[in-house]
Each structure stands twice: as structure tokens, then as C-alpha cells.
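Below: the structure, in C-alpha cells.
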Amino acid sequence: MTNNPFPLPKDDLLQAYRTMRTIREFEERLHVEFAKGDIPGFVHLYAGEEACATGIMMHLSDIDRIASTHRGHGHCIAKGVDVHAMMAEIYGKVTGSCRGKGGSMHIADLSKGMMGANGILGAGAPLICGAALAAKFRGDGGVGITFFGDGASNQGTVLESMNLAAIWNLPVIFVVENNGYAESTSVEYATGVDSYVDRAAGFGLPGVTVDGTDFFAVHEAAGEIIRRAREGGGPALLECKMVRFFGHFEGDAQTYKAKGENDANRASRDCLTLFANRVTAAGVIGDAELRVIDREVAALIDDAVASAKGAPLPHAGELTTDVYVSY
Amino acid sequence: MTPKIGIIANPVSARDIRRVVASASSIQIADRANIVLRTLAALAACGIDDVVMMPERGGVGSHVVRGIERSRNQGEERFPRLSFLPIPVTGTVEDTRRAAAAMAAAGDVAVIVVLGGDGTHRAVAGACGSVPIAGISTGTNNAFPEHREPTITGLAAGLAATGRVPPAVAFADNKVIEVRIDGGPPDIALVDAAIVTDRFVGARALWRTETFRELYVTFADPEVIGMAAIAGLVETVGRDEPGGLALTLAPADTAARRVRAPIAPGLIGTIGIDSWRRLPAGTPVTPALPAGAVALDGERELFFDPHQTVTVTLIDRAFRTVDTAAVMRFAARHGLLLDRQP
């Protein structure tokens with residue numbers, strides 16, 4: 001083995017691959033399982049976008065909060081939410097991380113700082129401002145990350161939150177996951193100025209655009225932005241340009257995409273392949289080591305699906321449990 | 001029929017991590033559009049009737065069209081006719097290369113006005129052939145394009161393109177550094193090629209000085225920002241001098257000398273320097289570092305492994321630019337913008 005030329009030790013590189021592979025396997029399996037009709041509600045898959053969640057979340061700990069989107073499985077996994085509890089949640093089972101009442105679009109695990117996926121576009125941004133304000137008051141060095149898409153970036157809640165974060169100098173990072181489509185509407189059509197860095201500049205926030213399919217680009221930029229926020233530098237925006245391999249939701253016919261677009265993206269912009277090629281070419285990680293992770297992750301997801309399918313549904317008497325909170 | 005002017009305005013320059021690790025500025029789309037409008041007004045004042053622009057999705061072109069229509073609705077004729085190249089838009093640097101090549105191939109484009117940083121200008125220079133570039137800096141590290149009000153650049157481009165200033169005065173030759181890996185097709189740098197220990201492209205920009213090992217520059221100017229500033233603070237080499245400079249760098253705590261240089265806007269780094277020497281044109285040089293990345297004009301672009309061979313070659317007279325200062329001095333001396341009352 002040669003010297004490691006990457007900005008992460010080998011163990012962290014292996015963990016990055018394991019996280020991205022877990023997200024991919026989780027989503028690919030859901031793609032298959034959802035078609036069988038056993039999963040309630042909608043699912044929105046994160047396959048293709050793994051480098052973004054992973055590259056950012058490797059800089060975080062449980063004290064840091066994230067607010068996710070309706071495409072939240074990848075954020076959960078990268079933030080450390082238990083995969084068995086996630087799968088059970090998506091199946092609506094009582095062993096799920098929200099005892100089966102959140103499902104895919106409201107999955108959360110506050111113990112891991114994961115404040116929830118969200119069915120409302122752009123709703124995570126004001127939530128994360130509250131979490132970041134709390135962290136600032138506590139002085140614990142925690143940061144808040146809100147993810148949103150190119151579509152949600154046009155929501156007033158997101159823009160208002162940028163202003164709020166700016167005036168209160170909150171440790172918030174606004175992450176635009178720009179996969180080119182707001183549901184089925186192209187970013188070219190729906191966005192007046194398609195540079196999200198410009199939006200940030202309007203509120204006095206620095207913004208950075210990176211190739212969201214390059215784990216190292218995301219990791220490097222996110223590291224600097226998060227460090228800046230922890231040190232009191234205030235909010236910033238990170239735009240990750242990426243691709244999603246599946247439709248907006250499972251069952252989406254994707255007629256708005258060009259013929260062969262998904263295949264072309266899988267061939268040339270697959271963040272897992274790009275990462276694997278880079279670390280193996282540099283001689284830091286052997287191909288066999290990655291295949292071991294692949295097998296372990298596949299077994300993990302097999303077991304999570306089997307456990308979720310075998311778990312009981314919540315009892316009707318739990319309907320209002322955990323819904324209302326007394327102060 | 002007057003010659004055409006091409007405009008390539010990069011909508012996404014100045015978006016990288018130097019907004020966070022340094023205090024680099026970010027020129028917004030509306031500002032870029034206004035720069036194009038000011039340039040167009042200057043071109044029209046020089047008698048340019050037709051301008052062709054690179055299409056993009058960032059919004060620069062649509063803002064420019066809006067500005068022209070508004071002016072026409074007020075009965076003004078301040079701007080030339082504007083059209084867009086019929087090329088596909090990918091949202092990548094490929095658009096810039098394709099636009100430059102198309103403008104060069106058209107045969108009637110006399111000058112290409114470029115809005116961007118060193119990276120954008122590099123992409124144009126690699127594809128524009130013998131068509132001269134008039135550069136306007138809207139990037140981060142703008143060592144190559146001079147800092148100047150775009151209206152003046154537009155006037156100079158127009159005076160040069162229409163032949164009112166002779167080519168010998170209007171156009172200047174420029175050097176490039178060619179970098180090849182295993183004898184493959186060359187990549188070029190307009191200002192500097194740096195060899196760094198990183199072996200990942202990552203966020204592209206250079207700011208961790210401890211990774212710097214070798215530096216090759218086409219010119220060394222103590223007034224510029226970026227890697228070329230390191231060279232410029234050691235020994236100056238002019239843009240119009242033959243040859244460049246090659247430096248061997250090292251971590252600051254082990255090097256023979258240290259220089260404090262502005263490697264990015266607002267970021268003064270301490271860089272160790274072991275040695276430097278003049279870099280003659282046409283002689284390939286092989287870096288000593290066995291594996292790492294090559295940063296072209298301040299951005300990590302290529303990486304190489306121990307089994308690969310990197311060659312660095314400085315090329316004189318590689319492409320031409322409009323010498324704005326020379327054109328405006330000539331215009332003043334010969335009264336080109338001075339009209340007598342009848």
C-alpha cells in the first residue's frame with residue numbers, strides 16, 4: 001500500500017464507502033419492495049445523491065441537527081439512524097424509529113440529531129434555524145444543516161430562513177441538493193437565476209458550488225463551511241450539483257427526462273463508482289475490501305427488510321401517542 | 001460589413017470554496033449581465049453591428065436580452081444586434097470550449113470578449129485559435145485578465161476589431177504552459193501550473209500551502225493574486241518576456257526561504273521556497289514529485305500516480321489578446337474617438 005494521499009485516514013474512507021453503499025442498497029431495495037405493494041404511502045429515493053449526505057455528515061456528531069427533505073433516507077443513514085428502525089418505519093411497523101407513524105416522509109430520530117424528513121417543501125429551513133439558535137444559546141458548538149432541493153429553494157420559507165440565519169448569525173448551513181428537477185420541472189424553467197450562490201449573496205451569506213457526485217469535493221467544502229459555522233462565522237450555503245437515478249417518487253414515469261438520461265448518469269456520474277475508482281487507483285483501498293463491505297451491507301439490508309416485514313403494526317390505541325407534547 | 005464580436009460570459013465563475021476559506025467576492029448574475037451590457041454599448045459606439053454570444057442557463061443572456069429590449073422600447077439604439085450561438089448547453093466548461101471553437105470556426109468573429117476568471121480564459125484560449133481575446137475579470141483569482149472597467153475593454157475590442165488600431169499595436173502574444181500526462185493531449189495553464197501533493201480534485205481551489213511542491217509560471221507579477229504571486233514576489237517575469245519561471249516549493253518549516261504571498265483574495269499564505277530558475281520556452285520539464293495533482297491556474301485539475309510521467313512545457317506566442325492599454329493610448333494619440341464639428 002502506498003501513502004494515503006486523501007484528506008481522510010483509511011478507516012474514514014472505508015466508512016464513507018460503507019455509508020454510501022448502505023444508502024444505495026437501501027434505496028435500490030426499496031425500489032424493488034415498493035413495487036410489491038407492501039409499503040404504505042410514497043417513497044422518494046436518494047440513489048445517485050449519496051456523496052452529498054455522506055460528505056457532509058462525516059463532519060457532524062449527534063449534537064448537530066439536520067432537517068431533511070421528503071427524500072430523506074440518505075440523510076438518515078448518513079446521520080447514523082439505525083437501518084433496521086428505518087426500514088421498519090417505512091413499512092409502518094411498531095419497531096420503526098417513529099413507531100411506524102412517520103413513514104418515509106416523516107421519518108426522524110432526535111437522538112441522532114435527525115429532526116425529520118418533511119412532506120412540506122422548504123419546511124426544514126425554519127426548523128433548523130430554531131435548532132441552531134438553541135445550539136448558539138447553549139454554546140455547545142453544534143451546527144444545523146438543512147437540506148432542500150432546487151425546487152424548494154424557490155419557497156419563501158427558505159429565503160426567510162436565510163435572512164433569519166443572517167441577522168442572528170446562526171450556525172446554519174443551507175444545502176441545496178440540485179438534481180436538476182423540481183419533481184418533474186427542470187431547474188432551467190423554474191428558477192429565475194439558477195445560481196443558488198446568488199441567492200445566498202442576497203442575504204450576505206457566502207455560498208459555494210461543488211460537484212455533488214464527488215465525495216471529496218463535498219467533504220472538503222462542507223468541512224470548511226461547518227468549521228466556519230462552529231467558530232461563529234455564521235451561516236453559509238453549499239450547492240451540490242447532483243443526479244438522481246430514480247424518479248421523483250416511486251412510480252414516476254420520468255417522461256420529463258431525456259431518453260437514456262438515467263443510464264448515462266449511472267455510467268458516468270455514479271458517486272460510488274467515482275469514489276471506488278479513485279481510492280483503488282491510489283492503492284489506498286483494495287477492491288476486495290470494498291466487495292466485503294458490499295456483501296455486509298447487502299446482508300444488513302436483507303435482514304432489515306425481513307425484520308420489518310415480520311414486525312407488528314402499531315396498535316390502534318397508539319394513535320395519538322407521541323403526537324401531542326405537554327410543556 | 002463590420003466584423004462580429006463574440007462574447008463568452010461564464011455564469012458560474014467565482015463560486016468555489018474561496019468564498020469561505022478566504023474572503024473572495026461573488027459577482028452575481030445581474031452584475032455579469034450589466035457588464036455585458038456596458039461592453040455592448042462600447043462596441044456599438046465603435047461601429048460594431050453584430051455580436052454573437054455563448055448560450056448558457058445561468059441567466060446572463062436573458063438579463064442582457066431584457067436590457068436590450070428595454071432600451072429599444074425607449075427608442076434608443078445603444079446596442080448592437082445580439083444573437084446566440086446554436087450550440088447545446090451542458091452547464092459545464094465544455095460550453096465555453098465549444099463556443100470558442102465555434103466562434104473561431106465562423107471566420108467572421110474578430111475578437112472574443114470573455115467574462116470569467118483565469119479558468120474561463122484558459123478554456124477559451126485552448127479553443128479560440130488565432131482569434132484574440134479581450135478579457136474581463138469576473139472570477140476569483142484573476143491573474144490573467146486585467147482589472148479594468150468593462151466599458152473600456154469593450155471600446156478597445158471594438159477599435160481593434162474594426163481595424164482602426166493596427167493589429168501590431170492592438171494585439172499581444174501570450175504564453176501558455178502545456179501539461180501532458182504520459183504524452184497524452186495537453187492541458188494548458190495561462191498563468192501557473194502547480195504541482196501539489198493532493199491526489200484528489202475535491203473542491204478544486206488551492207489554499208493549503210503545505211501541499212505546494214513545484215510551480216511553473218508564464219509570467220511572475222508581484223501585483224497579481226494566486227499562485228503566480230508566489231513567483232512574482234521572488235523574481236518578476238513580464239507577460240511579454242520570453243520564457244517563464246520554475247520554482248521548487250516545500251513546507252514552510254523546512255524550506256530554505258519563505259515568502260508571504262496573496263494566494264487567494266484576502267488570504268496571505270506562507271510558502272516555503274527551496275529554489276527557482278528561469279523556464280525556457282519549448283523545453284519539457286518533468287516534475288520531481290512522483291504522485292500528486294496538477295493545479296492549472298489555481299485549480300486542481302489533473303492527478304497523477306507514480307507510474308505516470310508528467311511533462312511541463314512553456315510555449316511562447318500561444319494565443320493573442322487585445323492589448324487594451326495600447327489600443328486606448330493609440331486611440332487617444334490618433335484622435336480615434338475625437339470628432340470635429342462640421
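A note on labels: chains of the C-alpha cells are A, B, ... as shown, every chain counts residues from 1, and ligands are counted from 1 in their shown order.
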Practice item. Pick out the chain B residues within 9 Å of chain A. Count only C-alpha atoms. Give them as a ChimeraX atom specification. Key: /B:11-12,14-21,23,25-30,57-60,197-204,291-292,305
Selection export as a PDB file, in the first residue's frame, atoms kept: C-alpha atoms:
```pdb
ATOM      1  CA  PRO B  11     -22.290  32.310 -15.400  1.00  0.00           C
ATOM      2  CA  VAL B  12     -20.670  30.163 -12.743  1.00  0.00           C
ATOM      3  CA  ALA B  14     -16.395  32.704  -8.647  1.00  0.00           C
ATOM      4  CA  ARG B  15     -18.473  30.054  -6.913  1.00  0.00           C
ATOM      5  CA  ASP B  16     -15.834  27.894  -5.258  1.00  0.00           C
ATOM      6  CA  ILE B  17     -14.667  27.346  -1.716  1.00  0.00           C
ATOM      7  CA  ARG B  18     -12.606  30.525  -1.639  1.00  0.00           C
ATOM      8  CA  ARG B  19     -15.844  32.322  -0.741  1.00  0.00           C
ATOM      9  CA  VAL B  20     -15.485  30.540   2.629  1.00  0.00           C
ATOM     10  CA  VAL B  21     -11.800  29.902   3.253  1.00  0.00           C
ATOM     11  CA  SER B  23     -12.888  36.486   1.508  1.00  0.00           C
ATOM     12  CA  SER B  25     -16.141  38.017  -3.851  1.00  0.00           C
ATOM     13  CA  SER B  26     -19.026  36.599  -5.789  1.00  0.00           C
ATOM     14  CA  ILE B  27     -20.252  38.521  -8.788  1.00  0.00           C
ATOM     15  CA  GLN B  28     -23.951  37.932  -9.213  1.00  0.00           C
ATOM     16  CA  ILE B  29     -25.729  37.134 -12.438  1.00  0.00           C
ATOM     17  CA  ALA B  30     -27.304  40.586 -12.718  1.00  0.00           C
ATOM     18  CA  ARG B  57     -28.594  28.634 -18.457  1.00  0.00           C
ATOM     19  CA  GLY B  58     -27.352  30.850 -15.673  1.00  0.00           C
ATOM     20  CA  GLY B  59     -29.461  33.823 -16.668  1.00  0.00           C
ATOM     21  CA  VAL B  60     -26.789  36.184 -18.016  1.00  0.00           C
ATOM     22  CA  THR B 197       0.703  16.583  -3.004  1.00  0.00           C
ATOM     23  CA  ASP B 198      -3.097  16.223  -3.045  1.00  0.00           C
ATOM     24  CA  ARG B 199      -4.298  13.347  -5.161  1.00  0.00           C
ATOM     25  CA  PHE B 200      -7.898  14.304  -5.371  1.00  0.00           C
ATOM     26  CA  VAL B 201      -9.607  17.116  -7.214  1.00  0.00           C
ATOM     27  CA  GLY B 202     -12.075  17.798  -4.404  1.00  0.00           C
ATOM     28  CA  ALA B 203     -13.186  21.396  -4.129  1.00  0.00           C
ATOM     29  CA  ARG B 204     -10.523  22.305  -6.752  1.00  0.00           C
ATOM     30  CA  ALA B 291       2.440  11.396  -7.385  1.00  0.00           C
ATOM     31  CA  GLY B 292       0.041  14.226  -6.768  1.00  0.00           C
ATOM     32  CA  ASP B 305       0.281   8.307  -9.968  1.00  0.00           C
TER      33      ASP B 305
END
```
Report as a tab-separated table (two decimals) with C-alpha atoms, in the first residue's frame: the residues of segment 87-204 of chain B with a DSSP assignment of strand (DSSP E or B), based on the backbone of this structure.
```
chain	number	residue	atom	x	y	z
B	109	VAL	CA	-15.52	36.88	-35.35
B	110	ALA	CA	-12.66	39.32	-34.93
B	111	VAL	CA	-12.40	39.34	-31.12
B	112	ILE	CA	-13.87	37.24	-28.32
B	113	VAL	CA	-14.76	39.15	-25.15
B	114	VAL	CA	-14.50	36.81	-22.17
B	115	LEU	CA	-16.10	37.27	-18.73
B	116	GLY	CA	-14.60	34.95	-16.16
B	133	ILE	CA	-9.34	37.50	-26.53
B	134	ALA	CA	-10.42	40.63	-24.66
B	135	GLY	CA	-10.58	39.56	-21.04
B	136	ILE	CA	-12.83	40.88	-18.28
B	137	SER	CA	-12.28	39.52	-14.80
B	171	PHE	CA	-2.88	42.52	-30.24
B	172	ALA	CA	-0.36	40.97	-27.88
B	173	ASP	CA	1.06	37.46	-27.87
B	174	ASN	CA	0.68	35.33	-24.76
B	175	LYS	CA	2.45	32.34	-23.33
B	176	VAL	CA	0.92	29.14	-22.02
B	177	ILE	CA	2.18	26.19	-20.04
B	178	GLU	CA	1.33	22.82	-21.55
B	179	VAL	CA	0.96	19.88	-19.19
B	180	ARG	CA	0.87	16.34	-20.52
B	181	ILE	CA	0.46	13.10	-18.63
B	187	ASP	CA	-3.94	20.68	-20.84
B	188	ILE	CA	-2.89	24.29	-20.58
B	189	ALA	CA	-2.40	26.94	-17.95
B	192	ASP	CA	0.56	28.89	-13.49
B	193	ALA	CA	0.79	25.15	-13.21
B	194	ALA	CA	1.35	23.99	-9.64
B	195	ILE	CA	2.34	20.51	-8.54
B	196	VAL	CA	0.74	19.67	-5.19
```
What's the 10 Å shell around Thr286 of chain B, counting only C-alpha atoms, without same-chain residues fewer than 5 positions away, as a PDB file with C-alpha atoms, in the first residue's frame?
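Printed below is part.pdb as written:
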```
ATOM      1  CA  VAL B 179       0.961  19.881 -19.185  1.00  0.00           C
ATOM      2  CA  ARG B 180       0.872  16.342 -20.521  1.00  0.00           C
ATOM      3  CA  THR B 309       5.050  10.716 -16.450  1.00  0.00           C
ATOM      4  CA  VAL B 310       4.164  14.391 -16.292  1.00  0.00           C
ATOM      5  CA  THR B 311       5.785  16.916 -18.604  1.00  0.00           C
ATOM      6  CA  VAL B 312       5.512  20.672 -18.318  1.00  0.00           C
ATOM      7  CA  THR B 313       6.416  22.858 -21.299  1.00  0.00           C
TER       8      THR B 313
END
```
Practice item. Identify, with DSSP run on backbone atoms, the residues in segment 24-90 of chain B assigned to alpha helix (DSSP H), and express the list as a ChimeraX atom specification. Key: /B:29-45,60-73
Keeping only C-alpha atoms, write the selected residues as a PDB file, in the first residue's frame.
```
ATOM      1  CA  ILE B  29     -25.729  37.134 -12.438  1.00  0.00           C
ATOM      2  CA  ALA B  30     -27.304  40.586 -12.718  1.00  0.00           C
ATOM      3  CA  ASP B  31     -23.837  42.143 -12.346  1.00  0.00           C
ATOM      4  CA  ARG B  32     -22.460  39.905 -15.083  1.00  0.00           C
ATOM      5  CA  ALA B  33     -25.342  40.888 -17.345  1.00  0.00           C
ATOM      6  CA  ASN B  34     -24.672  44.556 -16.646  1.00  0.00           C
ATOM      7  CA  ILE B  35     -21.024  44.044 -17.548  1.00  0.00           C
ATOM      8  CA  VAL B  36     -22.097  42.548 -20.876  1.00  0.00           C
ATOM      9  CA  LEU B  37     -24.469  45.476 -21.487  1.00  0.00           C
ATOM     10  CA  ARG B  38     -21.719  48.001 -20.777  1.00  0.00           C
ATOM     11  CA  THR B  39     -19.416  46.129 -23.139  1.00  0.00           C
ATOM     12  CA  LEU B  40     -22.110  46.011 -25.826  1.00  0.00           C
ATOM     13  CA  ALA B  41     -22.687  49.747 -25.540  1.00  0.00           C
ATOM     14  CA  ALA B  42     -18.969  50.355 -26.023  1.00  0.00           C
ATOM     15  CA  LEU B  43     -18.835  48.004 -29.003  1.00  0.00           C
ATOM     16  CA  ALA B  44     -21.768  49.786 -30.641  1.00  0.00           C
ATOM     17  CA  ALA B  45     -20.005  53.116 -30.131  1.00  0.00           C
ATOM     18  CA  VAL B  60     -26.789  36.184 -18.016  1.00  0.00           C
ATOM     19  CA  GLY B  61     -28.095  36.066 -21.577  1.00  0.00           C
ATOM     20  CA  SER B  62     -31.741  36.501 -20.627  1.00  0.00           C
ATOM     21  CA  HIS B  63     -30.926  39.515 -18.454  1.00  0.00           C
ATOM     22  CA  VAL B  64     -28.919  41.023 -21.323  1.00  0.00           C
ATOM     23  CA  VAL B  65     -31.761  40.496 -23.792  1.00  0.00           C
ATOM     24  CA  ARG B  66     -34.130  42.145 -21.330  1.00  0.00           C
ATOM     25  CA  GLY B  67     -31.808  45.161 -21.076  1.00  0.00           C
ATOM     26  CA  ILE B  68     -31.550  45.496 -24.860  1.00  0.00           C
ATOM     27  CA  GLU B  69     -35.317  45.224 -25.331  1.00  0.00           C
ATOM     28  CA  ARG B  70     -35.938  47.823 -22.671  1.00  0.00           C
ATOM     29  CA  SER B  71     -33.522  50.184 -24.414  1.00  0.00           C
ATOM     30  CA  ARG B  72     -35.173  49.606 -27.817  1.00  0.00           C
ATOM     31  CA  ASN B  73     -38.610  50.194 -26.307  1.00  0.00           C
TER      32      ASN B  73
END
```
Exercise for review: With a distance cut-off of 10 Å and only C-alpha atoms, select the neighbouring residues of Asp297 of chain B, excluding the residue or stretch itself and same-chain residues fewer than 3 positions from it, and output the selection as a ChimeraX atom specification.
Suggested key: /B:117-119,121-122,141-144,177,188-194,205-206,217,226-228,294,300-301
